[in-house]
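Asker: Following this message is one structure expressed as structure tokens.
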Amino acid sequence: MIINGKEYKVKEISFNTMCELEDNGVSITEMDKKPFNVIRGFLAVIMGVDKNTAGEELTKHIKNGGSIEELVTQISKLMENSGFFQAMNK
């Protein structure tokens with residue numbers, strides 16, 4: 001995932017990733033209700049920063065022509081391809 005020209009390697013979403021997101025006040029199940037909050041929290045986890053810093057980076061990303069839709073698509077694909085989510089859906 002590339003934010004402001006910097007590539008962030010995203011590890012597979014696991015139980016621990018979900019806990020990190022929840023520790024940051026984010027529930028993936030709220031993607032439909034609070035998409036910006038989910039994106040910001042997810043980026044905070046993969047960037048290793050707090051939510052405010054992630055929000056500032058997102059603001060810059062969008063101002064520089066970045067796409068929120070692309071980020072949502074990437075996050076959704078990560079969840080779909082996650083062995084953790086696939087096992088939960090069985």
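Residues are named by chain letter and number: chains run A, B, ... in the order of the structure tokens, numbers start at 1 in each chain, and ligands are numbered from 1 in the order shown.
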With only C-alpha atoms as the counted atoms, please give the residues lying no more than 9 Å from Phe85 (chain A), apart from itself and same-chain residues fewer than 6 positions off, as a PyMOL selection string.
Answerer: chain A and resi 13-14+79
Asker: Keeping only N, CA and C atoms, write those residues as a PDB file, in the first residue's frame.
Answerer:
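Full text of part23.pdb as output:
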ATOM      1  N   ILE A  13      -3.742 -10.126   7.478  1.00  0.00           N
ATOM      2  CA  ILE A  13      -4.606  -9.802   8.609  1.00  0.00           C
ATOM      3  C   ILE A  13      -4.806 -11.058   9.450  1.00  0.00           C
ATOM      4  N   SER A  14      -4.534 -10.925  10.731  1.00  0.00           N
ATOM      5  CA  SER A  14      -4.628 -12.046  11.655  1.00  0.00           C
ATOM      6  C   SER A  14      -5.480 -11.638  12.855  1.00  0.00           C
ATOM      7  N   MET A  79      -8.658  -8.261   3.377  1.00  0.00           N
ATOM      8  CA  MET A  79      -9.566  -9.027   4.232  1.00  0.00           C
ATOM      9  C   MET A  79     -10.052 -10.282   3.511  1.00  0.00           C
TER      10      MET A  79
END
Asker: Enumerate, as a ChimeraX atom specification, the complete set of residues in region 23-87 of chain A that a backbone-based DSSP assignment places in alpha helix (DSSP H).
Answerer: /A:23,35-47,51-63,68-81,83-87
Asker: Measure the distance from CA of Thr53 (chain A) to CA of Gly83 (chain A) in Å and round it to one decimal.
Answerer: 29.3 Å
Asker: Which is closest to Met47 (chain A) among A:Asn16, A:Asn4, A:Ser27, A:Ser82, if we use only C-alpha atoms?
Answerer: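 Between A:Asn16, A:Asn4, A:Ser27, A:Ser82, the residue approaching Met47 (chain A) most closely is A:Asn4.
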Asker: Please provide the set of residues having any atom within 8 Å of region 60-71 of chain A, restricted to only C-alpha atoms, with same-chain residues fewer than 6 positions apart removed, written as a ChimeraX atom specification.
Answerer: /A:1,3-4,39
Asker: May I ask for the distance between CA of Val26 (chain A) and CA of Lys90 (chain A), given in Å to one decimal place?
Answerer: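 Atom-to-atom, CA of Val26 (chain A) to CA of Lys90 (chain A), that is 23.6 Å.
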Asker: Quick one: residues within 8 Å of Asn24 (chain A), only C-alpha atoms counted, chain neighbours fewer than 2 positions away excluded, as a ChimeraX atom specification?
Answerer: /A:20-22,26,41,51
Asker: Keeping only N, CA, C and O atoms, write the selected residues as a compact mmCIF listing (two decimals), in the first residue's frame.
Answerer:
# COMPACT_ATOMS: atom_id res chain seq x y z
N GLU A 20 -5.24 -5.25 17.38
CA GLU A 20 -4.58 -3.95 17.25
C GLU A 20 -5.58 -2.90 16.75
O GLU A 20 -5.59 -1.77 17.23
N LEU A 21 -6.40 -3.29 15.77
CA LEU A 21 -7.40 -2.37 15.26
C LEU A 21 -8.39 -1.99 16.36
O LEU A 21 -8.71 -0.81 16.53
N GLU A 22 -8.85 -2.99 17.10
CA GLU A 22 -9.80 -2.70 18.18
C GLU A 22 -9.15 -1.83 19.26
O GLU A 22 -9.82 -0.96 19.82
N VAL A 26 -11.15 0.72 16.29
CA VAL A 26 -11.67 0.42 14.96
C VAL A 26 -12.23 -0.98 14.90
O VAL A 26 -11.59 -1.93 15.35
N GLY A 41 -7.78 4.05 11.02
CA GLY A 41 -7.29 3.10 12.01
C GLY A 41 -6.43 2.01 11.40
O GLY A 41 -5.40 1.63 11.95
N LYS A 51 -3.56 7.42 15.50
CA LYS A 51 -4.64 7.74 14.56
C LYS A 51 -4.52 9.15 13.99
O LYS A 51 -4.81 9.36 12.81
Asker: Do you have the CA of Ile28 (chain A)-CA of Val72 (chain A) distance handy?
Answerer: 11.3 Å
